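my_file.txt follows; it contains compact mmCIF, C-alpha atoms.
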```
# COMPACT_ATOMS: atom_id res chain seq x y z
CA MET A 182 -38.83 188.75 79.03
CA ALA A 183 -35.81 190.89 78.32
CA HIS A 184 -36.41 194.62 78.03
CA HIS A 185 -34.14 196.39 75.63
CA ARG A 186 -33.03 199.53 77.46
CA LEU A 187 -30.97 201.79 75.27
CA THR A 188 -27.40 202.58 76.26
CA PRO A 189 -26.06 206.17 76.09
CA GLN A 190 -24.17 205.15 72.93
CA GLN A 191 -27.42 203.97 71.32
CA TYR A 192 -29.13 207.27 72.23
CA PHE A 193 -26.17 208.99 70.58
CA ILE A 194 -26.71 206.96 67.38
CA LEU A 195 -30.43 207.93 67.39
CA ALA A 196 -29.45 211.58 67.85
CA LEU A 197 -27.09 211.29 64.86
CA VAL A 198 -29.93 209.83 62.73
CA ALA A 199 -32.24 212.66 63.82
CA LEU A 200 -29.72 215.44 63.18
CA CYS A 201 -27.72 214.32 60.15
CA ALA A 202 -30.69 213.91 57.76
CA PRO A 203 -32.30 217.37 58.14
CA LEU A 204 -28.92 219.13 58.40
CA GLY A 205 -27.67 217.27 55.31
CA ASP A 206 -30.80 218.20 53.36
CA THR A 207 -30.41 221.82 54.45
CA CYS A 208 -26.77 221.89 53.27
CA LEU A 209 -27.73 220.34 49.91
CA SER A 210 -30.57 222.85 49.50
CA ARG A 211 -28.28 225.77 50.36
CA GLY A 212 -25.58 224.52 47.99
CA MET A 213 -27.94 223.82 45.09
CA THR A 214 -29.80 227.15 45.33
CA ALA A 215 -26.47 229.01 45.26
CA LEU A 216 -25.59 227.39 41.91
CA PRO A 217 -26.91 228.55 38.55
CA ALA A 218 -29.73 226.43 37.06
CA ILE A 219 -28.46 222.99 36.01
CA THR A 220 -29.95 221.28 32.97
CA LEU A 221 -29.62 217.72 31.71
CA ALA A 222 -27.91 219.14 28.64
CA HIS A 223 -24.83 219.82 30.82
CA PRO A 224 -24.63 216.88 33.25
CA GLY A 225 -20.97 217.70 33.99
CA THR A 226 -22.04 220.72 36.04
CA LEU A 227 -23.99 218.33 38.32
CA VAL A 228 -20.80 216.34 38.96
CA ALA A 229 -18.87 219.56 39.60
CA ALA A 230 -21.57 220.60 42.10
CA VAL A 231 -20.61 217.63 44.30
CA PHE A 232 -17.25 219.27 45.02
CA THR A 233 -18.66 222.62 46.19
CA PRO A 234 -18.31 223.05 49.99
CA TRP A 235 -22.00 223.08 51.04
CA ILE A 236 -22.91 220.08 48.88
CA ALA A 237 -19.83 218.12 49.97
CA VAL A 238 -20.75 218.75 53.63
CA GLY A 239 -24.37 217.79 52.86
CA ILE A 240 -23.29 214.50 51.27
CA ALA A 241 -20.97 213.74 54.21
CA LEU A 242 -23.85 214.35 56.63
CA LEU A 243 -26.19 212.12 54.60
CA ILE A 244 -23.59 209.32 54.56
CA GLY A 245 -23.36 209.74 58.34
CA PHE A 246 -27.16 209.58 58.53
CA PHE A 247 -27.36 206.33 56.53
CA ALA A 248 -24.60 204.62 58.53
CA SER A 249 -26.18 205.55 61.87
CA TYR A 250 -29.69 204.68 60.57
CA LEU A 251 -28.52 201.18 59.58
CA THR A 252 -26.83 200.77 62.96
CA ALA A 253 -30.04 201.81 64.77
CA LEU A 254 -32.11 199.36 62.71
CA SER A 255 -29.77 196.53 63.73
CA TRP A 256 -30.83 196.85 67.43
CA ALA A 257 -34.22 198.60 67.32
CA ASP A 258 -37.55 198.21 65.53
CA LEU A 259 -38.36 200.28 62.44
CA THR A 260 -41.54 201.48 64.19
CA PHE A 261 -39.35 202.73 67.08
CA VAL A 262 -36.56 204.33 65.04
CA LEU A 263 -38.72 206.36 62.64
CA PRO A 264 -40.87 208.27 65.18
CA ALA A 265 -37.96 208.62 67.63
CA THR A 266 -35.74 210.25 65.02
CA ALA A 267 -38.49 212.62 63.80
CA PHE A 268 -37.29 214.90 66.62
CA GLY A 269 -34.68 216.18 64.16
CA ASN A 270 -37.45 218.16 62.43
CA VAL A 271 -38.10 219.97 65.70
CA ILE A 272 -34.40 220.78 66.19
CA VAL A 273 -34.16 222.21 62.67
CA ALA A 274 -37.31 224.32 63.22
CA LEU A 275 -35.90 225.63 66.53
CA LEU A 276 -32.53 226.40 64.86
CA ALA A 277 -34.40 228.30 62.14
CA ARG A 278 -36.26 230.28 64.81
CA PHE A 279 -33.45 231.13 67.21
CA TRP A 280 -30.38 231.07 64.95
CA LEU A 281 -31.71 232.24 61.60
CA GLN A 282 -34.44 234.39 63.23
CA GLU A 283 -37.13 232.92 60.96
CA PRO A 284 -40.67 233.37 62.24
CA ILE A 285 -42.57 230.21 63.29
CA SER A 286 -46.34 230.21 62.82
CA LEU A 287 -48.81 228.89 65.39
CA GLU A 288 -49.34 225.82 63.15
CA ARG A 289 -45.62 225.02 63.29
CA TRP A 290 -45.48 225.42 67.06
CA ALA A 291 -48.40 222.96 67.23
CA GLY A 292 -46.39 220.59 65.00
CA ILE A 293 -43.35 220.91 67.30
CA VAL A 294 -45.46 220.10 70.36
CA LEU A 295 -47.10 217.06 68.67
CA ILE A 296 -43.75 215.62 67.49
CA THR A 297 -42.21 216.14 70.94
CA VAL A 298 -45.13 214.38 72.64
CA GLY A 299 -45.06 211.58 70.01
CA VAL A 300 -41.31 211.02 70.47
CA GLY A 301 -41.76 211.03 74.25
CA PHE A 302 -44.47 208.37 73.89
CA VAL A 303 -42.39 205.98 71.78
CA ALA A 304 -39.17 206.55 73.75
CA GLN A 305 -40.88 205.35 76.95
CA GLY A 306 -41.57 201.93 75.42
CA PRO A 307 -39.26 199.05 74.49
CA SER A 308 -37.04 199.66 71.46
CA ARG A 309 -37.29 196.13 70.12
CA THR A 310 -39.94 193.45 69.76
CA GLU A 311 -39.07 190.17 71.45
CA HIS A 312 -40.07 187.07 69.49
CA PRO A 313 -40.47 184.07 71.85
CA SER A 314 -38.28 181.73 69.75
CA LYS A 315 -35.41 184.24 69.61
CA VAL A 316 -35.62 184.92 73.34
CA ALA A 317 -35.36 181.17 74.01
CA VAL A 318 -32.27 180.92 71.78
CA GLU A 319 -30.65 183.97 73.45
CA GLU A 320 -31.36 182.62 76.93
CA ALA A 321 -29.96 179.21 75.94
CA GLN A 322 -26.76 180.89 74.70
CA VAL A 323 -26.40 182.76 78.03
CA MET B 7 -35.91 237.09 48.73
CA THR B 8 -35.41 234.13 46.40
CA ILE B 9 -38.32 233.24 44.22
CA LEU B 10 -38.27 229.56 43.39
CA PRO B 11 -39.57 228.51 40.00
CA SER B 12 -43.06 227.02 40.22
CA PRO B 13 -43.63 223.44 39.03
CA ALA B 14 -44.01 222.96 35.29
CA SER B 15 -47.66 221.96 35.47
CA HIS B 16 -50.25 221.37 38.17
CA PRO B 17 -51.60 217.81 37.90
CA GLY B 18 -55.16 216.77 38.71
CA PHE B 19 -56.15 215.24 42.03
CA TRP B 20 -55.68 211.62 40.93
CA SER B 21 -52.30 212.27 39.27
CA ALA B 22 -51.07 214.07 42.39
CA ALA B 23 -52.38 211.27 44.64
CA GLY B 24 -50.72 208.68 42.36
CA MET B 25 -47.34 210.43 42.52
CA ILE B 26 -47.49 210.77 46.32
CA ALA B 27 -48.63 207.12 46.59
CA ALA B 28 -45.62 206.07 44.47
CA ILE B 29 -43.24 207.85 46.87
CA VAL B 30 -44.95 206.43 49.95
CA LEU B 31 -45.12 202.85 48.64
CA SER B 32 -41.56 202.68 47.32
CA SER B 33 -40.23 204.38 50.46
CA THR B 34 -42.14 202.01 52.77
CA THR B 35 -40.95 198.96 50.79
CA GLY B 36 -37.37 200.22 50.96
CA GLU B 37 -37.54 200.94 54.70
CA VAL B 38 -39.07 197.53 55.49
CA LEU B 39 -36.53 195.63 53.36
CA THR B 40 -33.64 197.58 54.89
CA ALA B 41 -34.97 196.97 58.41
CA ALA B 42 -35.42 193.24 57.62
CA ALA B 43 -31.84 193.14 56.30
CA MET B 44 -30.43 194.79 59.42
CA LYS B 45 -32.45 192.48 61.69
CA SER B 46 -31.12 189.43 59.85
CA ILE B 47 -27.52 190.71 60.15
CA GLY B 48 -27.75 191.36 63.90
CA ASP B 49 -26.42 194.09 66.18
CA LEU B 50 -23.84 196.06 64.18
CA ASP B 51 -22.20 197.34 67.38
CA ASP B 52 -21.50 193.72 68.42
CA ILE B 53 -20.21 192.81 64.95
CA ARG B 54 -17.93 195.86 64.96
CA ALA B 55 -16.65 194.93 68.42
CA HIS B 56 -15.76 191.41 67.23
CA SER B 57 -14.73 191.90 63.61
CA GLY B 58 -13.95 195.61 63.37
CA MET B 59 -15.40 198.18 60.98
CA LYS B 60 -14.44 196.08 57.93
CA GLY B 61 -16.39 193.12 59.33
CA ALA B 62 -19.45 195.31 59.93
CA ILE B 63 -19.32 196.74 56.39
CA ARG B 64 -18.83 193.23 54.95
CA ALA B 65 -21.85 191.96 56.89
CA VAL B 66 -24.02 194.73 55.40
CA VAL B 67 -22.81 194.61 51.80
CA THR B 68 -23.08 190.82 51.54
CA CYS B 69 -26.79 190.88 52.46
CA PRO B 70 -29.03 190.77 49.33
CA LEU B 71 -32.03 192.17 51.26
CA PHE B 72 -30.02 195.31 51.96
CA PHE B 73 -29.54 195.97 48.23
CA ALA B 74 -33.23 195.29 47.56
CA GLY B 75 -34.02 197.93 50.22
CA VAL B 76 -31.57 200.44 48.76
CA PHE B 77 -33.08 199.85 45.29
CA PHE B 78 -36.56 200.79 46.54
CA LEU B 79 -35.21 203.77 48.51
CA ALA B 80 -33.55 204.98 45.29
CA LEU B 81 -36.87 204.47 43.49
CA ALA B 82 -38.56 206.59 46.18
CA PHE B 83 -35.96 209.32 45.64
CA PHE B 84 -36.64 209.44 41.89
CA ALA B 85 -40.41 209.34 42.52
CA LEU B 86 -39.89 212.36 44.80
CA LEU B 87 -37.92 214.19 42.10
CA LEU B 88 -40.70 213.46 39.58
CA ALA B 89 -43.38 214.69 41.99
CA LEU B 90 -41.39 217.87 42.71
CA ASN B 91 -41.32 218.53 38.98
CA HIS B 92 -45.13 218.68 38.99
CA MET B 93 -46.13 219.77 42.51
CA ASP B 94 -45.02 222.21 45.19
CA LEU B 95 -42.50 221.10 47.80
CA SER B 96 -44.84 222.37 50.53
CA LEU B 97 -47.37 219.71 49.51
CA VAL B 98 -45.12 216.79 48.50
CA ALA B 99 -42.69 216.82 51.45
CA PRO B 100 -45.17 216.88 54.37
CA ALA B 101 -47.70 214.59 52.66
CA SER B 102 -45.15 211.89 51.78
CA ALA B 103 -43.20 212.16 55.06
CA SER B 104 -46.24 211.91 57.30
CA LEU B 105 -48.03 209.20 55.29
CA THR B 106 -44.85 207.12 55.24
CA LEU B 107 -44.84 207.04 59.05
CA VAL B 108 -48.30 205.46 59.10
CA THR B 109 -47.63 202.98 56.25
CA ASN B 110 -44.37 201.97 57.97
CA ALA B 111 -46.26 201.23 61.19
CA ILE B 112 -48.70 199.01 59.24
CA ALA B 113 -45.92 197.32 57.23
CA GLY B 114 -43.76 196.88 60.35
CA LYS B 115 -46.61 195.06 62.07
CA ILE B 116 -47.47 192.84 59.07
CA PHE B 117 -44.09 192.05 57.52
CA LEU B 118 -41.57 192.52 60.34
CA LYS B 119 -43.94 191.18 63.04
CA GLU B 120 -43.08 194.18 65.22
CA ASN B 121 -45.18 194.76 68.30
CA VAL B 122 -46.97 197.95 67.20
CA ASP B 123 -48.92 198.52 70.39
CA ARG B 124 -51.18 201.44 71.31
CA ARG B 125 -48.15 203.48 72.40
CA ARG B 126 -46.46 203.15 68.98
CA TRP B 127 -49.69 203.83 67.07
CA THR B 128 -50.32 206.97 69.12
CA SER B 129 -46.74 208.08 68.57
CA ALA B 130 -46.89 207.42 64.80
CA VAL B 131 -50.13 209.38 64.44
CA LEU B 132 -48.92 212.31 66.61
CA VAL B 133 -45.60 212.54 64.75
CA CYS B 134 -47.44 212.19 61.41
CA ILE B 135 -49.71 215.16 62.16
CA GLY B 136 -46.77 217.06 63.69
CA VAL B 137 -44.57 216.61 60.61
CA TYR B 138 -47.46 217.74 58.39
CA LEU B 139 -48.04 220.88 60.47
CA LEU B 140 -44.32 221.64 60.70
CA ALA B 141 -43.56 221.27 57.00
CA HIS B 142 -46.83 222.62 55.56
```

Mind turning this structure into structure tokens?
Amino acid sequence: MAHHRLTPQQYFILALVALCAPLGDTCLSRGMTALPAITLAHPGTLVAAVFTPWIAVGIALLIGFFASYLTALSWADLTFVLPATAFGNVIVALLARFWLQEPISLERWAGIVLITVGVGFVAQGPSRTEHPSKVAVEEAQV
Amino acid sequence: MTILPSPASHPGFWSAAGMIAAIVLSSTTGEVLTAAAMKSIGDLDDIRAHSGMKGAIRAVVTCPLFFAGVFFLALAFFALLLALNHMDLSLVAPASASLTLVTNAIAGKIFLKENVDRRRWTSAVLVCIGVYLLAH
């Protein structure tokens, strides 16, 4: 049975998935809170918001997230990709602590430890489920 | 310090559970359909190596399952916006994010026939609790 070991490039794609989503959300949040309140009565201001620097960067990061997420799903299981990329939450929490000097409660440290252990667990296993019929076809092609 | 406006109204338990369930269900459906689409397309790295970036994009955008997945992911986004209009972010974000991990593990096993062994279950549950603690 073939074991799908990830290549360094595939680890890089997973890292992009993990980082781009929380960083993109953070940029959108920062951009939107800096703007005055937007109502549905003036939808044009929402379109104009897209061209402000923080929101534009946020959108670019989220496009990067979706492209790398789709790439990861093309060679790994959904139940591998989702827990493995949850590590991005930990990175954002650590950035908030050591870069933005935000305090982290004991609960959050517990969350960081649990996610790290969970990611370690899933990363040790195979990234993709082998279905017997597909393996036979792949071996026949080789 | 920025004081964020509080939600317009606080719904009852069942309304709140319904809104969170709507996010979780539409998000899980979207994730499973997208994953099924990408599995049916094959390794995008290989496609890009053979047919270039245009070939990879063409392979994705000509797959109907992909659009079905994106439709449900968009539905999940609007369900999230609706929930945020009624509930606090500190409840909606961790509850929906962590529950989605568990429902995806169940849906992955049933619909995508993924091998969700003890290792993946343990990981899903640990990450689920971790995300809840981190975002709460």

Counting all atoms listed in the file, find residues at most 9 Å from (-37.6, 206.4, 65.2) (file frame) and give them as a tab-separated table (two decimals) with C-alpha atoms, in the frame of the given file.
```
chain	number	residue	atom	x	y	z
A	195	LEU	CA	-30.43	207.93	67.39
A	198	VAL	CA	-29.93	209.83	62.73
A	199	ALA	CA	-32.24	212.66	63.82
A	253	ALA	CA	-30.04	201.81	64.77
A	257	ALA	CA	-34.22	198.60	67.32
A	258	ASP	CA	-37.55	198.21	65.53
A	259	LEU	CA	-38.36	200.28	62.44
A	260	THR	CA	-41.54	201.48	64.19
A	261	PHE	CA	-39.35	202.73	67.08
A	262	VAL	CA	-36.56	204.33	65.04
A	263	LEU	CA	-38.72	206.36	62.64
A	264	PRO	CA	-40.87	208.27	65.18
A	265	ALA	CA	-37.96	208.62	67.63
A	266	THR	CA	-35.74	210.25	65.02
A	267	ALA	CA	-38.49	212.62	63.80
A	268	PHE	CA	-37.29	214.90	66.62
A	300	VAL	CA	-41.31	211.02	70.47
A	303	VAL	CA	-42.39	205.98	71.78
A	304	ALA	CA	-39.17	206.55	73.75
```

Find the nearest atom pair between each residue of chain A and chain B for residues within 7 Å, count all atoms listed in the file, give distances in Å to one decimal, sort rows by chain and ascending number, and present the table as CSV.
```
residue,atom,partner,partner_atom,distance
A:Leu251,CA,B:Met44,CA,6.7
A:Thr252,CA,B:Leu50,CA,5.7
A:Leu254,CA,B:Ala41,CA,5.7
A:Ser255,CA,B:Met44,CA,4.7
A:Trp256,CA,B:Asp49,CA,5.4
A:Asp258,CA,B:Glu120,CA,6.8
A:Leu259,CA,B:Ala41,CA,6.2
A:Thr260,CA,B:Ala111,CA,5.6
A:Pro264,CA,B:Ala130,CA,6.1
A:Glu288,CA,B:Leu139,CA,5.8
A:Arg289,CA,B:Leu140,CA,4.5
A:Gly292,CA,B:Gly136,CA,3.8
A:Ile293,CA,B:Gly136,CA,6.3
A:Leu295,CA,B:Gly136,CA,5.0
A:Ile296,CA,B:Val133,CA,4.5
A:Gly299,CA,B:Ser129,CA,4.1
A:Val300,CA,B:Ser129,CA,6.5
A:Phe302,CA,B:Ser129,CA,5.8
A:Val303,CA,B:Arg126,CA,5.7
A:Thr310,CA,B:Glu120,CA,5.6
```

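Going from CA of Gln282 in chain A over to CA of Tyr192 in chain A, you cover 29.1 Å.
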
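Those residues that approach range 16-32 of chain B to within 9 Å, counting only C-alpha atoms, are Phe78, Leu79, Ala80, Leu81, Ala82, Phe83, Phe84, Ala85, Leu86, Leu88, Ala89, His92, Met93, Asp94, Val98, Ala101, Ser102, Ala103, Leu105, Thr106 and Thr109 of chain B; same-chain residues fewer than 6 positions away are not listed.
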
Coordinates-based distance that separates CA of Pro203 in chain A from CA of Val273 in chain A (Å, one decimal)
6.9 Å

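Atom pair CA of Phe77 in chain B / CA of Phe247 in chain A has a distance of 14.2 Å (rounded to one decimal).
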
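Counting only C-alpha atoms, the residue from B:Ile116, B:Ser57, B:Leu39, B:Leu90 that sits nearest to Cys69 in chain B is B:Leu39.
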
Emit as JSON the padded axis-aligned box for all listed atoms of range 280-293 of chain A, 3 Å per side, with centre and edge lengths in Å to one decimal.
```
{"center_x": -39.9, "center_y": 227.5, "center_z": 64.1, "size_x": 25.0, "size_y": 19.8, "size_z": 12.3}
```

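For the point (-34.2, 224.5, 67.2), the residues with at least one atom inside 12 Å, counting all atoms listed in the file, are Leu200, Pro203, Leu204, Phe268, Gly269, Asn270, Val271, Ile272, Val273, Ala274, Leu275, Leu276, Ala277, Arg278, Phe279, Trp280, Leu281, Gln282, Glu283, Ile285, Trp290 and Ile293 of chain A.
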
Incomplete range 45-80 of chain B brought to N, CA and C atoms, written out as a PDB file, keeping the file's coordinate frame:
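What follows is the written file rebuild-v4.pdb:
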```pdb
ATOM      1  N   LYS B  45     -32.063 193.443  60.646  1.00  0.00           N
ATOM      2  CA  LYS B  45     -32.450 192.480  61.690  1.00  0.00           C
ATOM      3  C   LYS B  45     -31.789 191.132  61.445  1.00  0.00           C
ATOM      4  N   SER B  46     -31.718 190.739  60.156  1.00  0.00           N
ATOM      5  CA  SER B  46     -31.120 189.430  59.850  1.00  0.00           C
ATOM      6  C   SER B  46     -29.613 189.450  60.095  1.00  0.00           C
ATOM      7  N   ILE B  47     -28.979 190.609  59.933  1.00  0.00           N
ATOM      8  CA  ILE B  47     -27.520 190.710  60.150  1.00  0.00           C
ATOM      9  C   ILE B  47     -27.195 190.644  61.640  1.00  0.00           C
ATOM     10  N   GLY B  48     -28.021 191.316  62.453  1.00  0.00           N
ATOM     11  CA  GLY B  48     -27.750 191.360  63.900  1.00  0.00           C
ATOM     12  C   GLY B  48     -27.178 192.693  64.324  1.00  0.00           C
ATOM     13  N   ASP B  49     -26.887 192.822  65.616  1.00  0.00           N
ATOM     14  CA  ASP B  49     -26.420 194.090  66.180  1.00  0.00           C
ATOM     15  C   ASP B  49     -25.073 194.502  65.577  1.00  0.00           C
ATOM     16  N   LEU B  50     -25.073 195.609  64.839  1.00  0.00           N
ATOM     17  CA  LEU B  50     -23.840 196.060  64.180  1.00  0.00           C
ATOM     18  C   LEU B  50     -22.761 196.464  65.185  1.00  0.00           C
ATOM     19  N   ASP B  51     -23.191 196.962  66.351  1.00  0.00           N
ATOM     20  CA  ASP B  51     -22.200 197.340  67.380  1.00  0.00           C
ATOM     21  C   ASP B  51     -21.420 196.106  67.840  1.00  0.00           C
ATOM     22  N   ASP B  52     -22.162 194.965  68.009  1.00  0.00           N
ATOM     23  CA  ASP B  52     -21.500 193.720  68.420  1.00  0.00           C
ATOM     24  C   ASP B  52     -20.551 193.224  67.331  1.00  0.00           C
ATOM     25  N   ILE B  53     -21.047 193.283  66.068  1.00  0.00           N
ATOM     26  CA  ILE B  53     -20.210 192.810  64.950  1.00  0.00           C
ATOM     27  C   ILE B  53     -18.943 193.652  64.851  1.00  0.00           C
ATOM     28  N   ARG B  54     -19.101 194.975  65.036  1.00  0.00           N
ATOM     29  CA  ARG B  54     -17.930 195.860  64.960  1.00  0.00           C
ATOM     30  C   ARG B  54     -16.956 195.560  66.102  1.00  0.00           C
ATOM     31  N   ALA B  55     -17.520 195.240  67.276  1.00  0.00           N
ATOM     32  CA  ALA B  55     -16.650 194.930  68.420  1.00  0.00           C
ATOM     33  C   ALA B  55     -15.835 193.667  68.167  1.00  0.00           C
ATOM     34  N   HIS B  56     -16.462 192.680  67.470  1.00  0.00           N
ATOM     35  CA  HIS B  56     -15.760 191.410  67.230  1.00  0.00           C
ATOM     36  C   HIS B  56     -14.882 191.432  65.982  1.00  0.00           C
ATOM     37  N   SER B  57     -15.430 192.013  64.897  1.00  0.00           N
ATOM     38  CA  SER B  57     -14.730 191.900  63.610  1.00  0.00           C
ATOM     39  C   SER B  57     -14.234 193.242  63.066  1.00  0.00           C
ATOM     40  N   GLY B  58     -14.414 194.316  63.826  1.00  0.00           N
ATOM     41  CA  GLY B  58     -13.950 195.610  63.370  1.00  0.00           C
ATOM     42  C   GLY B  58     -14.891 196.231  62.345  1.00  0.00           C
ATOM     43  N   MET B  59     -14.548 197.451  61.929  1.00  0.00           N
ATOM     44  CA  MET B  59     -15.400 198.180  60.980  1.00  0.00           C
ATOM     45  C   MET B  59     -15.528 197.444  59.655  1.00  0.00           C
ATOM     46  N   LYS B  60     -14.403 196.821  59.202  1.00  0.00           N
ATOM     47  CA  LYS B  60     -14.440 196.080  57.930  1.00  0.00           C
ATOM     48  C   LYS B  60     -15.449 194.933  58.006  1.00  0.00           C
ATOM     49  N   GLY B  61     -15.462 194.247  59.147  1.00  0.00           N
ATOM     50  CA  GLY B  61     -16.390 193.120  59.330  1.00  0.00           C
ATOM     51  C   GLY B  61     -17.833 193.601  59.292  1.00  0.00           C
ATOM     52  N   ALA B  62     -18.087 194.767  59.913  1.00  0.00           N
ATOM     53  CA  ALA B  62     -19.450 195.310  59.930  1.00  0.00           C
ATOM     54  C   ALA B  62     -19.892 195.695  58.512  1.00  0.00           C
ATOM     55  N   ILE B  63     -18.981 196.337  57.766  1.00  0.00           N
ATOM     56  CA  ILE B  63     -19.320 196.740  56.390  1.00  0.00           C
ATOM     57  C   ILE B  63     -19.543 195.487  55.537  1.00  0.00           C
ATOM     58  N   ARG B  64     -18.683 194.460  55.736  1.00  0.00           N
ATOM     59  CA  ARG B  64     -18.830 193.230  54.950  1.00  0.00           C
ATOM     60  C   ARG B  64     -20.175 192.572  55.245  1.00  0.00           C
ATOM     61  N   ALA B  65     -20.573 192.581  56.527  1.00  0.00           N
ATOM     62  CA  ALA B  65     -21.850 191.960  56.890  1.00  0.00           C
ATOM     63  C   ALA B  65     -23.014 192.654  56.185  1.00  0.00           C
ATOM     64  N   VAL B  66     -22.923 193.975  56.037  1.00  0.00           N
ATOM     65  CA  VAL B  66     -24.020 194.730  55.400  1.00  0.00           C
ATOM     66  C   VAL B  66     -24.019 194.507  53.887  1.00  0.00           C
ATOM     67  N   VAL B  67     -22.843 194.649  53.261  1.00  0.00           N
ATOM     68  CA  VAL B  67     -22.810 194.610  51.800  1.00  0.00           C
ATOM     69  C   VAL B  67     -22.925 193.197  51.218  1.00  0.00           C
ATOM     70  N   THR B  68     -22.890 192.182  52.070  1.00  0.00           N
ATOM     71  CA  THR B  68     -23.080 190.820  51.540  1.00  0.00           C
ATOM     72  C   THR B  68     -24.522 190.339  51.778  1.00  0.00           C
ATOM     73  N   CYS B  69     -25.392 191.257  52.205  1.00  0.00           N
ATOM     74  CA  CYS B  69     -26.790 190.880  52.460  1.00  0.00           C
ATOM     75  C   CYS B  69     -27.661 191.334  51.270  1.00  0.00           C
ATOM     76  N   PRO B  70     -28.236 190.390  50.505  1.00  0.00           N
ATOM     77  CA  PRO B  70     -29.030 190.770  49.330  1.00  0.00           C
ATOM     78  C   PRO B  70     -30.235 191.633  49.676  1.00  0.00           C
ATOM     79  N   LEU B  71     -30.858 191.374  50.846  1.00  0.00           N
ATOM     80  CA  LEU B  71     -32.030 192.170  51.260  1.00  0.00           C
ATOM     81  C   LEU B  71     -31.686 193.654  51.359  1.00  0.00           C
ATOM     82  N   PHE B  72     -30.457 193.927  51.809  1.00  0.00           N
ATOM     83  CA  PHE B  72     -30.020 195.310  51.960  1.00  0.00           C
ATOM     84  C   PHE B  72     -30.059 196.031  50.605  1.00  0.00           C
ATOM     85  N   PHE B  73     -29.562 195.353  49.564  1.00  0.00           N
ATOM     86  CA  PHE B  73     -29.540 195.970  48.230  1.00  0.00           C
ATOM     87  C   PHE B  73     -30.946 196.131  47.669  1.00  0.00           C
ATOM     88  N   ALA B  74     -31.832 195.156  47.984  1.00  0.00           N
ATOM     89  CA  ALA B  74     -33.230 195.290  47.560  1.00  0.00           C
ATOM     90  C   ALA B  74     -33.829 196.540  48.217  1.00  0.00           C
ATOM     91  N   GLY B  75     -33.534 196.748  49.505  1.00  0.00           N
ATOM     92  CA  GLY B  75     -34.020 197.930  50.220  1.00  0.00           C
ATOM     93  C   GLY B  75     -33.490 199.219  49.618  1.00  0.00           C
ATOM     94  N   VAL B  76     -32.179 199.240  49.336  1.00  0.00           N
ATOM     95  CA  VAL B  76     -31.570 200.440  48.760  1.00  0.00           C
ATOM     96  C   VAL B  76     -32.167 200.736  47.382  1.00  0.00           C
ATOM     97  N   PHE B  77     -32.462 199.662  46.616  1.00  0.00           N
ATOM     98  CA  PHE B  77     -33.080 199.850  45.290  1.00  0.00           C
ATOM     99  C   PHE B  77     -34.414 200.587  45.427  1.00  0.00           C
ATOM    100  N   PHE B  78     -35.256 200.146  46.375  1.00  0.00           N
ATOM    101  CA  PHE B  78     -36.560 200.790  46.540  1.00  0.00           C
ATOM    102  C   PHE B  78     -36.430 202.207  47.125  1.00  0.00           C
ATOM    103  N   LEU B  79     -35.421 202.413  47.974  1.00  0.00           N
ATOM    104  CA  LEU B  79     -35.210 203.770  48.510  1.00  0.00           C
ATOM    105  C   LEU B  79     -34.768 204.711  47.373  1.00  0.00           C
ATOM    106  N   ALA B  80     -33.947 204.179  46.447  1.00  0.00           N
ATOM    107  CA  ALA B  80     -33.550 204.980  45.290  1.00  0.00           C
ATOM    108  C   ALA B  80     -34.759 205.289  44.415  1.00  0.00           C
TER     109      ALA B  80
END
```
